[in-house]
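Here's the structure, in C-alpha cells; my notes come after.
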Amino acid sequence: MTTGAREELFSAPEDDGVVMTRWEHFLAERDLRALASVRNPVGSSWRRCIGADVDHRRDRAPPPVPGDEFESIRQSCLELIDAGAPVMASARHFLQETGTVMVLADPAGLILNLEGDTSLRGATENIHLVPGANWSEFTCGTNAIGTAIETGKPIQIHSNEHFCEGIKQWSCSAAVIRDPCDGSIIGAVDVSGLRKSYSRHSMALVVATAARIENRLAQIEMDIRYRLLERSMDRLAAGSTDAVVVFDRHGRAIKANTDVVAMLRDLGAAREDAAAGLAAMNFDWRRDAPRPSRLRPWFRQEWLTPVHDGAERLGAVMIVPGHHARHAKPRRPASEETRSVSAFGRIVGHDPALADTVERARRVAASVAPVLLLGESGVGKEVFARSVHDASKVASGPFVALNCGGLSRDLLTSELFGYAEGSFTGARKGGMRGKIEAADGGTLFLDEIGEMPLDLQPLFLRVLEEREVCRIGETQARKVDFRLVSATNRDLRKEVEAGRFRLDLYYRVSVVGITVPALRDRRSDIPELAEHFVRQLAEKHGTPPVGIAPAVIDRLMHYDWPGNIRELRNVIESMLLTATGPELGLRDLPPDITARVADCLGGGMQSPAGLSAIERAERDALLAMIRACRGNLTATARRAGLAKSTVYAKIRKFGLDGALTGSRS
C-alpha cells in the first residue's frame, strides 16, 4: 500500500484548517486547483456534489421517510438487517461512552438501524442521523456513508471534509457491505461521532464489521442453497435426458447436469447471450412465480418451476426437454489425482512438519473413514477439513460446518438435528432442516466436537451408527449419508478419562487422527504466510499490496503466536490498515507483539554465537517445545524423547534459561 493510497483512506485532522480554506475557495471560484491539497476521494466527491446541485448550506439530512414506507424498505432489506443484528446489538455496549454510534444503511444510503453511545442521541437527532433518514452523497453531500457507497471503498470523512457546512462538526468512517455471491453493494456500516471522537481505528472497526456481516450473509445464502439443491437432486439425476439448471432465488445459476450453454447454442442462442442469461436471470417474483427480468428469444417460461421450503422461496429449476439437449455433452469429471492436488493447494506453506500433515490428509481424503483433526485454536483445521472434502469422492456434495462450542445445549441440538414445525415456541414455520440433513451426500464438519454436551453425544452416535436422523418433534427417521470430519483443540483421551466424552463416540470419530502443527512449530512458513495475507487483504480492502521490512519478518519469526495463523492474519490486517509508510515497518507492529518479542530477545534467550545452522534449528525446536509445555521440563523431556538431565544441558548450551520463567517443572 503506497502512502498516497493510504492517505485516500484516512483523514488527517491536522490539515483541517487547510481543508476549510480549500472548501471555501472551491465553492467561491469553482477552481479545481483548490482541490490540489485535498484528498482525492474528498475532492472527487465535492465535484460530484457541485454537479448534483447539493446545497452546501444544508445542516441536516431530509426528514426520515414515513413509517409505512420505512417498513417496506426494511422488509426489502431483512437479510441484511438480520445478518447485522448481533453486530449492531454488541455496538450498544462497546461504543458506550466513546461518543460514537454505529449505523447500518441500505444501498441507497437510507439508515436502517443505529446503536451506540446514548449520550449522543440529541446530536444525532439534530442532524437526522436516525433510522429512516437518507444519507446518500447526493442528498447530504460528502459524508462517509454516501461516499463509501458511491466509490465502493472504505473511507473516513472528518470535520471540514464534509461538503455541507452544517455537518462539519462530525467525524465518520464507513465501509460498504457486498453481496457474497456477486459482489454488488447491498449496504454500508458507519461509525460516526463529533469531531473530537476522531480515531484511525474506527476505519479498522467498520471494515471488520462489514466483513462479519458479509460472512453471516454468506452462511445464510449457503444454507438456502443447500436446501435448494436438496429439493432439486431428483431432477438432476444422472439418468435424465433433460437439461436441468438450478437457479438461486435471485436467478443465478448454481448447478447444471450438462453443458447447457452448448445446448442453448443449438437452439440458436449466441454463446455470450446464453452464458450471460444463465449466469444471472435476475428473477422478478410475481405470485411466487419466478420470471426473468430480461426475456431472451430462446427462453420458455414453462421450462421454469419455482422451488419453495414451506412459504420460503429457495429458487427455481429450469428443465429443457430432452429433445433439445440431445447434442449437449456431459462434463468430464476431474481425475482424483488432479482433484487432490487442487484441493490442498489452498494450504500455504512448505515446512516439513506441514508437508507431512498435508500428505497424510491427502492419503486419507480418498477414503470414507471419519477424520479427527487435532491442533490448537487458529491453526487452520477448517482449511484442512475443506481440503479433505474437496479431494474426496463426495466433493460434488455440500460441505456443512458447525461449531459445537459457544452454543447452548438446546441451540446446538436444533442446529444439528433440525426441528419440526411447532415443536417449540419460536420454531420456524415449516420446520428447519438440521446440519446433519444438510450434509447428506457431502461432508459434515463438526468443529470443537470435544465441547458437545455429554447428553447429546449418544444421539449423535446413533446417527453415525444407523445413518438416519430424526428432527426434534418428529418420530419418522430420515436416511442420511455423509463423510464426517471433526476437529478439537482438546485431548479427547483425557476428556474420556474425565467422563466428559463418551469412549464409543471417541472411537467412532477418530478412525484417522491428523495433528495440524502450531505456527510456532513451522516458523519457516511465517514469511510466506505474511506475504500471502498482505496480498489477500490488500485485494480485499482495494489497496495496492505492500512490502514487509526484513526486520518485521524477523520479529514475526521470534513471536510465539499463541493464536496461530488466525492471529498472524489479524496482525497483518491491522498493520495494513494503519501503516503510514510504503512498506510494513517495525513502527507498524502492534505494541504487545513488540514487547513480547523484546522480552524473548532480551530476557536471557539470545542465541549464543558460534552455533551451526543445525544447532540453531535444534535450539528453536527446543524453545518451541518448552513454550508449548509452558515451561514444564518434565513434559518437555517426554515430548522431545530425551532425559530431563539432557534437556537441562541443552538449555544451558543454547542460553534458554529465560524461557523457564514461571516454570512448572
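Lettering and numbering for the C-alpha cells are positional, with chains as A, B, ... in the shown order, residues counted from 1 in each chain, and ligands counted from 1 in the shown order.
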Give one line per residue of region 154-265 of chain A that approaches region 52-60 of chain A to at most 7 Å, naming the two atoms of the closest pair and their distance in Å to one decimal, counting only C-alpha atoms; sort by chain then ascending residue number and deliver it as a Markdown table.
```
| residue | atom | partner | partner_atom | distance |
| --- | --- | --- | --- | --- |
| A:Phe163 | CA | A:His56 | CA | 6.0 |
| A:Cys164 | CA | A:His56 | CA | 4.3 |
| A:Glu165 | CA | A:Arg57 | CA | 5.6 |
| A:Gly166 | CA | A:Asp59 | CA | 3.5 |
| A:Ile167 | CA | A:Asp59 | CA | 5.8 |
```
Keeping C-alpha atoms, export the residues of the selection given above as a compact mmCIF listing (two decimals), in the first residue's frame.
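Saved as again04.txt:
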```
# COMPACT_ATOMS: atom_id res chain seq x y z
CA PHE A 163 -19.41 19.16 1.83
CA CYS A 164 -22.36 20.56 3.80
CA GLU A 165 -21.34 23.14 6.38
CA GLY A 166 -23.90 22.06 9.00
CA ILE A 167 -22.31 18.60 9.22
```
For Ala204 (chain A), list every protein, DNA or RNA residue within 12 Å, evaluated using only C-alpha atoms, and leave out those in the same chain fewer than 5 positions away; present the list as an NGL selection string. :A and (9-10 or 154-156 or 173-175 or 189-191 or 199 or 209-211 or 541 or 570-571 or 573-579)
How would the residues just chosen look if you wrote them out with C-alpha atoms as a CSV table (one decimal), in the first residue's frame?
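Contents of the output file result18.csv:
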```
chain,number,residue,atom,x,y,z
A,9,LEU,CA,-8.5,6.0,3.1
A,10,PHE,CA,-7.7,8.1,6.2
A,154,PRO,CA,-13.9,2.3,2.8
A,155,ILE,CA,-13.5,6.0,3.7
A,156,GLN,CA,-13.0,8.4,6.6
A,173,SER,CA,-15.8,6.2,8.9
A,174,ALA,CA,-17.7,3.8,6.7
A,175,ALA,CA,-17.3,0.6,4.6
A,189,VAL,CA,-21.8,0.3,8.0
A,190,ASP,CA,-20.6,3.5,9.6
A,191,VAL,CA,-19.2,4.8,12.8
A,199,SER,CA,-9.7,7.8,15.6
A,209,THR,CA,-17.8,-5.2,11.0
A,210,ALA,CA,-18.7,-5.2,7.2
A,211,ALA,CA,-16.7,-8.4,6.8
A,541,HIS,CA,-9.7,-3.8,1.0
A,570,ASN,CA,-5.3,-10.3,12.2
A,571,VAL,CA,-1.9,-8.7,12.9
A,573,GLU,CA,-4.6,-6.8,8.6
A,574,SER,CA,-4.2,-4.4,11.4
A,575,MET,CA,-0.8,-3.3,10.2
A,576,LEU,CA,-2.0,-3.0,6.6
A,577,LEU,CA,-4.9,-0.7,7.6
A,578,THR,CA,-3.0,1.6,10.0
A,579,ALA,CA,0.5,1.7,8.5
```
Which of these residues is nearest to Gly431 (chain A), using only C-alpha atoms: A:Met102, A:Ile127, A:Val379, A:Ala311?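 Looking only at the distances to Gly431 (chain A), the closest residue turns out to be A:Ala311.
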Backbone DSSP call of strand (DSSP E or B) for region 386-441 of chain A, listed as a count of residues only: 9
